[in-house]
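Okay, structure_29.txt now, which holds compact mmCIF, C-alpha atoms:
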```txt
# COMPACT_ATOMS: atom_id res chain seq x y z
CA VAL S 1 0.89 22.73 -35.50
CA SER S 2 -0.78 19.63 -36.91
CA ASN S 3 -4.21 20.21 -38.46
CA ARG S 4 -6.35 17.77 -40.45
CA SER S 5 -3.51 15.25 -40.59
CA VAL S 6 -3.45 11.48 -40.12
CA PHE S 7 -0.63 9.81 -38.17
CA SER S 8 -0.81 6.06 -38.53
CA SER S 9 1.34 2.99 -37.75
CA ASN S 10 4.38 4.85 -36.41
CA ASN S 11 6.79 3.07 -34.06
CA ALA S 12 9.39 4.68 -31.83
CA LYS S 13 11.21 3.91 -28.60
CA GLN S 14 9.76 6.55 -26.25
CA ALA S 15 6.88 8.12 -28.18
CA GLY S 16 4.71 6.76 -30.98
CA VAL S 17 4.49 10.08 -32.84
CA PHE S 18 5.71 13.18 -30.94
CA ALA S 19 8.21 13.82 -28.13
CA LEU S 20 8.14 17.37 -26.72
CA SER S 21 10.85 18.98 -24.59
CA GLY S 22 12.59 22.28 -23.98
CA GLY S 23 9.54 24.54 -24.39
CA ALA S 24 8.18 22.84 -27.50
CA PHE S 25 4.47 23.32 -28.26
CA LEU S 26 2.00 21.11 -30.11
CA GLU S 27 -1.45 21.99 -31.40
CA ALA S 28 -3.52 19.34 -33.16
CA MET S 29 -6.95 20.09 -34.63
CA GLU S 30 -9.23 17.72 -36.54
CA ALA S 31 -6.39 15.21 -36.73
CA ARG S 32 -6.35 11.44 -36.35
CA PHE S 33 -3.76 9.31 -34.55
CA GLU S 34 -4.09 5.55 -34.96
CA PHE S 35 -2.07 2.33 -34.55
CA ASN S 36 1.01 4.13 -33.20
CA THR S 37 3.34 2.41 -30.71
CA ALA S 38 5.77 3.58 -28.04
CA LYS S 39 7.91 0.47 -27.83
CA SER S 40 9.85 1.09 -24.59
CA GLY S 41 7.52 3.35 -22.63
CA GLY S 42 6.30 6.90 -23.03
CA GLY S 43 3.05 7.66 -24.81
CA GLY S 44 1.53 5.80 -27.73
CA VAL S 45 1.04 9.19 -29.39
CA LEU S 46 2.87 11.80 -27.32
CA THR S 47 5.59 12.05 -24.68
CA ILE S 48 5.99 15.39 -22.90
CA GLU S 49 9.41 15.72 -21.30
CA THR S 50 11.21 18.33 -19.21
CA ASN S 51 10.05 21.94 -19.54
CA ALA S 52 7.77 21.27 -22.49
CA THR S 53 4.79 23.52 -23.06
CA VAL S 54 1.41 21.82 -22.80
CA ALA S 55 -0.06 20.35 -25.94
CA VAL S 56 -3.50 21.37 -27.22
CA PHE S 57 -5.91 18.91 -28.83
CA GLU S 58 -9.25 19.87 -30.42
CA ASP S 59 -11.59 17.53 -32.34
CA VAL S 60 -8.93 14.82 -32.47
CA GLU S 61 -9.49 11.08 -32.73
CA MET S 62 -6.97 8.77 -31.05
CA SER S 63 -7.53 5.07 -31.55
CA ASP S 64 -5.60 1.79 -31.20
CA ASN S 65 -2.41 3.44 -29.94
CA VAL S 66 -0.31 1.38 -27.53
CA ALA S 67 2.52 1.61 -25.01
CA PRO S 68 2.96 -2.05 -24.01
CA ARG S 69 6.01 -1.67 -21.74
CA GLY S 70 4.94 1.35 -19.71
CA GLY S 71 3.59 4.85 -20.13
CA GLY S 72 0.17 5.82 -21.38
CA GLY S 73 -1.80 4.62 -24.38
CA VAL S 74 -2.00 8.20 -25.65
CA VAL S 75 0.14 10.53 -23.51
CA PHE S 76 3.01 10.19 -21.05
CA PHE S 77 4.28 13.32 -19.29
CA ASP S 78 6.98 14.28 -16.79
CA TYR S 79 5.10 14.98 -13.56
CA THR S 80 7.91 17.09 -12.06
CA SER S 81 8.17 19.73 -14.81
CA ALA S 82 5.51 19.35 -17.49
CA GLU S 83 1.84 20.28 -17.37
CA ASP S 84 -0.85 17.62 -17.46
CA PRO S 85 -2.23 17.87 -21.02
CA ASP S 86 -5.97 18.22 -21.51
CA VAL S 87 -7.24 15.59 -23.94
CA SER S 88 -10.86 15.71 -22.79
CA GLY S 89 -12.02 17.15 -26.13
CA SER S 90 -10.67 14.17 -28.08
CA LEU S 91 -12.30 10.89 -29.03
CA MET S 92 -10.48 7.95 -27.40
CA LEU S 93 -10.98 4.42 -28.73
CA ARG S 94 -9.16 1.18 -27.79
CA ASN S 95 -5.88 2.77 -26.65
CA THR S 96 -3.91 0.51 -24.29
CA ALA S 97 -0.82 0.71 -22.12
CA LEU S 98 0.85 -0.96 -19.16
CA TYR S 99 -0.03 1.93 -16.85
CA GLY S 100 -2.90 4.07 -18.16
CA ASN S 101 -4.91 3.48 -21.34
CA VAL S 102 -5.11 7.24 -21.93
CA LYS S 103 -2.58 9.13 -19.79
CA ALA S 104 0.26 8.29 -17.44
CA SER S 105 3.18 10.07 -15.81
CA ASN S 106 6.35 9.19 -13.97
CA THR S 107 6.07 8.47 -10.24
CA ALA S 108 4.23 11.24 -8.40
CA SER S 109 3.82 9.70 -4.93
CA ILE S 110 3.79 6.49 -2.90
CA GLU S 111 0.85 4.93 -1.05
CA ILE S 112 0.74 2.52 1.88
CA ASP S 113 -1.94 -0.15 1.71
CA HIS S 114 -2.81 -2.24 4.77
CA ASP S 115 -6.33 -3.48 5.40
CA ALA S 116 -5.47 -6.56 7.40
CA PRO S 117 -7.30 -7.80 10.50
CA HIS S 118 -6.11 -5.99 13.61
CA ASP S 119 -2.95 -7.52 15.07
CA ALA S 120 -1.45 -6.96 18.49
CA SER S 121 1.80 -5.35 19.50
CA GLY S 122 4.56 -7.94 19.21
CA ALA S 123 2.54 -10.24 16.92
CA GLU S 124 3.61 -10.97 13.35
CA PHE S 125 1.17 -9.43 10.90
CA ARG S 126 -1.04 -12.03 9.27
CA THR S 127 -1.11 -10.14 5.95
CA SER S 128 1.48 -7.93 4.30
CA ILE S 129 1.85 -4.18 4.26
CA LYS S 130 2.14 -2.97 0.65
CA VAL S 131 3.66 0.22 -0.72
CA ARG S 132 2.78 1.31 -4.26
CA THR S 133 4.39 3.88 -6.53
CA VAL S 134 1.66 5.82 -8.32
CA ASP S 135 1.54 8.49 -11.02
CA ALA S 136 -0.41 11.76 -11.19
CA MET S 137 -3.57 9.79 -12.07
CA ALA S 138 -3.11 7.44 -9.06
CA GLN S 139 -2.18 4.53 -11.35
CA VAL S 140 0.49 2.07 -10.23
CA VAL S 141 3.70 2.66 -12.20
CA LYS S 142 6.85 0.63 -12.36
CA THR S 143 10.08 1.79 -10.69
CA PRO S 144 13.59 0.36 -11.14
CA GLU S 145 13.79 -3.01 -9.38
CA SER S 146 16.83 -1.75 -7.43
CA GLU S 147 14.77 0.91 -5.64
CA ARG S 148 13.94 0.23 -2.00
CA VAL S 149 11.33 1.83 0.21
CA GLU S 150 11.93 1.97 3.95
CA LEU S 151 9.27 1.61 6.66
CA SER S 152 9.75 3.44 9.95
CA SER S 153 7.85 4.76 12.95
CA ARG S 154 9.03 7.66 15.07
CA TYR S 155 5.86 7.80 17.16
CA THR S 156 7.66 7.33 20.49
CA ASP S 157 11.05 6.06 21.62
CA ASN S 158 9.33 2.81 22.61
CA THR S 159 8.04 2.05 19.11
CA THR S 160 10.07 -0.62 17.30
CA LEU S 161 9.61 -2.22 13.90
CA ASP S 162 10.97 -5.70 13.37
CA GLY S 163 11.16 -7.92 10.31
CA THR S 164 11.16 -6.66 6.72
CA THR S 165 11.48 -2.86 6.85
CA LYS S 166 13.40 -2.24 3.59
CA LEU S 167 11.20 -3.42 0.74
CA VAL S 168 12.11 -4.08 -2.90
CA PHE S 169 9.69 -3.06 -5.65
CA GLU S 170 8.35 -5.45 -8.24
CA GLN S 171 6.15 -3.95 -10.96
CA GLY S 172 5.56 -0.87 -8.81
CA VAL S 173 4.56 -2.73 -5.63
CA ALA S 174 6.69 -3.56 -2.57
CA GLU S 175 5.40 -5.63 0.32
CA THR S 176 6.53 -7.01 3.66
CA VAL S 177 7.34 -10.68 4.07
CA SER S 178 7.31 -10.65 7.86
CA PHE S 179 6.53 -7.63 9.99
CA VAL S 180 6.07 -6.89 13.68
CA ILE S 181 5.33 -3.64 15.55
CA TYR S 182 6.30 -3.33 19.20
CA TYR S 183 4.62 -0.51 21.08
CA GLU S 184 4.54 0.60 24.73
CA THR S 185 0.90 -0.34 25.29
CA ASP S 186 -1.85 -2.41 23.72
CA GLY S 187 -4.87 -0.98 21.92
CA ALA S 188 -3.32 1.97 20.07
CA PHE S 189 -3.04 3.58 16.65
CA VAL S 190 0.61 3.70 15.56
CA PRO S 191 1.79 5.69 12.51
CA ILE S 192 3.94 3.85 9.97
CA THR S 193 5.84 5.96 7.42
CA ALA S 194 7.16 4.75 4.06
CA SER S 195 10.05 6.72 2.51
CA LEU S 196 11.49 6.42 -0.99
CA GLU S 197 14.38 8.35 -2.55
CA LEU S 198 13.61 8.60 -6.27
CA GLU S 199 14.95 10.89 -9.00
CA GLY S 200 16.28 13.39 -6.49
CA ARG S 201 12.98 13.53 -4.57
CA THR S 202 11.95 12.10 -1.21
CA LEU S 203 8.48 10.55 -1.41
CA THR S 204 6.67 9.66 1.83
CA ASP S 205 3.33 8.35 3.00
CA THR S 206 2.05 7.67 6.51
CA LYS S 207 -0.74 5.38 7.62
CA TYR S 208 -2.01 4.72 11.13
CA ILE S 209 -2.19 1.03 11.95
CA TYR S 210 -4.34 -0.15 14.83
CA LEU S 211 -2.78 -2.56 17.30
CA ARG S 212 -5.58 -4.43 19.05
CA PRO S 213 -5.78 -4.63 22.85
CA CYS S 214 -5.09 -7.88 24.66
CA THR S 215 -8.16 -10.08 24.90
CA TYR S 216 -9.50 -12.92 27.04
CA GLY S 217 -6.88 -15.57 27.64
CA GLU S 218 -3.99 -13.09 27.24
CA HIS S 219 -2.15 -10.67 29.47
CA TRP S 220 -0.01 -7.63 28.66
CA ASN S 221 3.73 -8.24 29.01
CA ALA S 222 5.11 -4.72 29.47
CA PHE S 223 8.74 -5.88 29.22
CA GLY S 224 8.21 -7.71 25.93
CA ARG S 225 5.60 -5.16 24.72
CA THR S 226 3.27 -7.90 23.59
CA CYS S 227 0.05 -9.72 24.44
CA GLU S 228 0.98 -13.15 25.76
CA ARG S 229 -1.41 -16.08 25.73
CA CYS S 230 -1.76 -17.86 29.04
CA GLY S 231 -0.01 -21.22 28.90
CA PHE S 232 -0.98 -24.74 29.90
CA ASP S 233 -2.55 -25.01 33.38
CA GLN S 234 -3.19 -21.24 33.39
CA PHE S 235 -6.15 -19.02 32.55
CA SER S 236 -7.20 -15.38 32.34
CA PHE S 237 -10.64 -13.83 32.16
CA ASP S 238 -9.31 -10.27 32.33
CA PRO S 239 -6.39 -9.17 30.10
CA ARG S 240 -5.51 -6.49 32.65
CA ASP S 241 -4.52 -9.21 35.14
CA GLU S 242 -1.68 -11.69 35.09
CA CYS S 243 -2.38 -15.27 34.09
CA LYS S 244 -3.59 -17.32 37.06
CA ALA S 245 -2.94 -20.90 38.08
CA CYS S 246 -5.71 -23.34 37.26
CA ASP S 247 -7.97 -24.60 40.05
CA GLY S 248 -7.21 -28.16 41.09
CA HIS S 249 -10.78 -29.19 40.25
CA ALA S 250 -10.54 -28.02 36.64
CA ASP S 251 -8.43 -28.49 33.52
CA CYS S 252 -6.95 -25.41 31.84
CA PRO S 253 -5.47 -26.06 28.37
CA GLY S 254 -4.39 -22.40 28.09
CA GLY S 255 -5.89 -19.09 27.14
CA PHE S 256 -9.27 -18.40 28.76
CA GLN S 257 -10.51 -21.99 29.04
CA MET S 258 -11.33 -23.53 32.41
CA LEU S 259 -12.95 -26.96 32.05
CA VAL S 260 -14.51 -28.02 35.33
CA LYS S 261 -13.99 -31.68 36.27
CA LYS S 262 -16.89 -34.06 36.81
CA GLY S 263 -18.71 -33.42 40.07
CA TYR S 264 -17.77 -29.73 40.29
CA TRP S 265 -19.37 -26.55 39.00
CA ARG S 266 -19.05 -22.77 38.57
CA SER S 267 -21.79 -20.17 38.92
CA ASN S 268 -21.01 -18.74 35.45
CA ARG S 269 -18.41 -19.06 32.70
CA ASN S 270 -16.38 -16.09 34.02
CA SER S 271 -16.28 -17.27 37.61
CA GLU S 272 -12.92 -18.35 39.02
CA ASN S 273 -14.50 -20.24 41.90
CA VAL S 274 -14.91 -23.97 41.35
CA ARG S 275 -17.17 -25.83 43.79
```
Would you mind writing the structure in this file as structure tokens?
Amino acid sequence: VSNRSVFSSNNAKQAGVFALSGGAFLEAMEARFEFNTAKSGGGGVLTIETNATVAVFEDVEMSDNVAPRGGGGVVFFDYTSAEDPDVSGSLMLRNTALYGNVKASNTASIEIDHDAPHDASGAEFRTSIKVRTVDAMAQVVKTPESERVELSSRYTDNTTLDGTTKLVFEQGVAETVSFVIYYETDGAFVPITASLELEGRTLTDTKYIYLRPCTYGEHWNAFGRTCERCGFDQFSFDPRDECKACDGHADCPGGFQMLVKKGYWRSNRNSENVR
């Protein structure tokens, strides 16, 4: 119990003032915590570890407390075994930390982030897929740099991932360098699952990624499971058809372009008949 007390300018490795564990209980009323520092992580004021009973704060002011290398500016708690402390009745001013300026926890889950333009099956993604480790407040938290998250897809036997599928974390974020999805057809949503073994837990997240259908100037290569662009002296106005040979009275640089030579014409831009 800590009532009507002032805790100021304390420095410790894992908690600026208090570290609770093993069923310990803290009640603070009309107290003030200021300019305290958790030097290596934890909470600027309080760290709640394994099996600790929740702390109670009433009419407390917490100001200018810091956890510069991790944790929370005020509280850091073990997500797997400690309760999330309620500090809503306290006055919070200018507390700062690497993760959360008020509260933070150890890793609670992982999240896949991919908002890139739609790519096709067999095409290298133009932007990366990112996986973040987040705490109970959905804040990005740092994991050991040796930890690796693995991307997989067990949608069908004909789904294959190629490129960077085992990703290394840096400051709580891992991302692909090169990445390709091969699927059995074009124009489909394919689930991608990220898996991370951390602290004896298996954390997973799944996101559906849309693979665009083949478009004009391409055709679907079922053997290669990819949309192929029609090459030089070929064209395609319908991705469901194979690429066709260019008319002798036109030039076809590839894709969907058919440039009619001087003295000839077509009835419309999608017509294959050159006259």
Problem set entry | Which of S:Asn273, S:Ser121, S:Asn101, S:Ser267 sits closest to Cys214 (chain S) [using only C-alpha atoms] | S:Ser121
Might I get the box with edges along x, y and z of the file that holds all atoms of region 155-167 of chain S listed there, padded by 8 Å on every side, given as centre and edge lengths in Å to one decimal, as AutoDock Vina command-line options?
```
--center_x 9.6 --center_y -0.1 --center_z 11.7 --size_x 23.5 --size_y 31.7 --size_z 37.9
```
Give as a JSON list (two decimals) with C-alpha atoms, in the coordinates of the input every residue, naming chains and numbers as the document does, that has an atom within 6 Å of (4.5, -1.5, -13.2), counting all atoms listed in the file.
```json
[["chain", "number", "residue", "atom", "x", "y", "z"],
["S", 141, "VAL", "CA", 3.70, 2.66, -12.20],
["S", 142, "LYS", "CA", 6.85, 0.63, -12.36],
["S", 171, "GLN", "CA", 6.15, -3.95, -10.96],
["S", 172, "GLY", "CA", 5.56, -0.87, -8.81]]
```
For this session: List the neighbours of Ala245 (chain S) out to 10 Å using only C-alpha atoms; skip same-chain residues closer than 2 positions along the sequence, and give me the result as a list in words.
Result: Cys230, Gly231, Phe232, Asp233, Gln234, Phe235, Ser236, Glu242, Cys243, Asp247, Gly248 and Cys252 of chain S
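For the residues S:Arg229, S:Arg94, S:Lys39, S:Arg201, ranking by smallest atom-to-atom distance to Asn65 (chain S) using all atoms listed in the file places S:Arg94 first.
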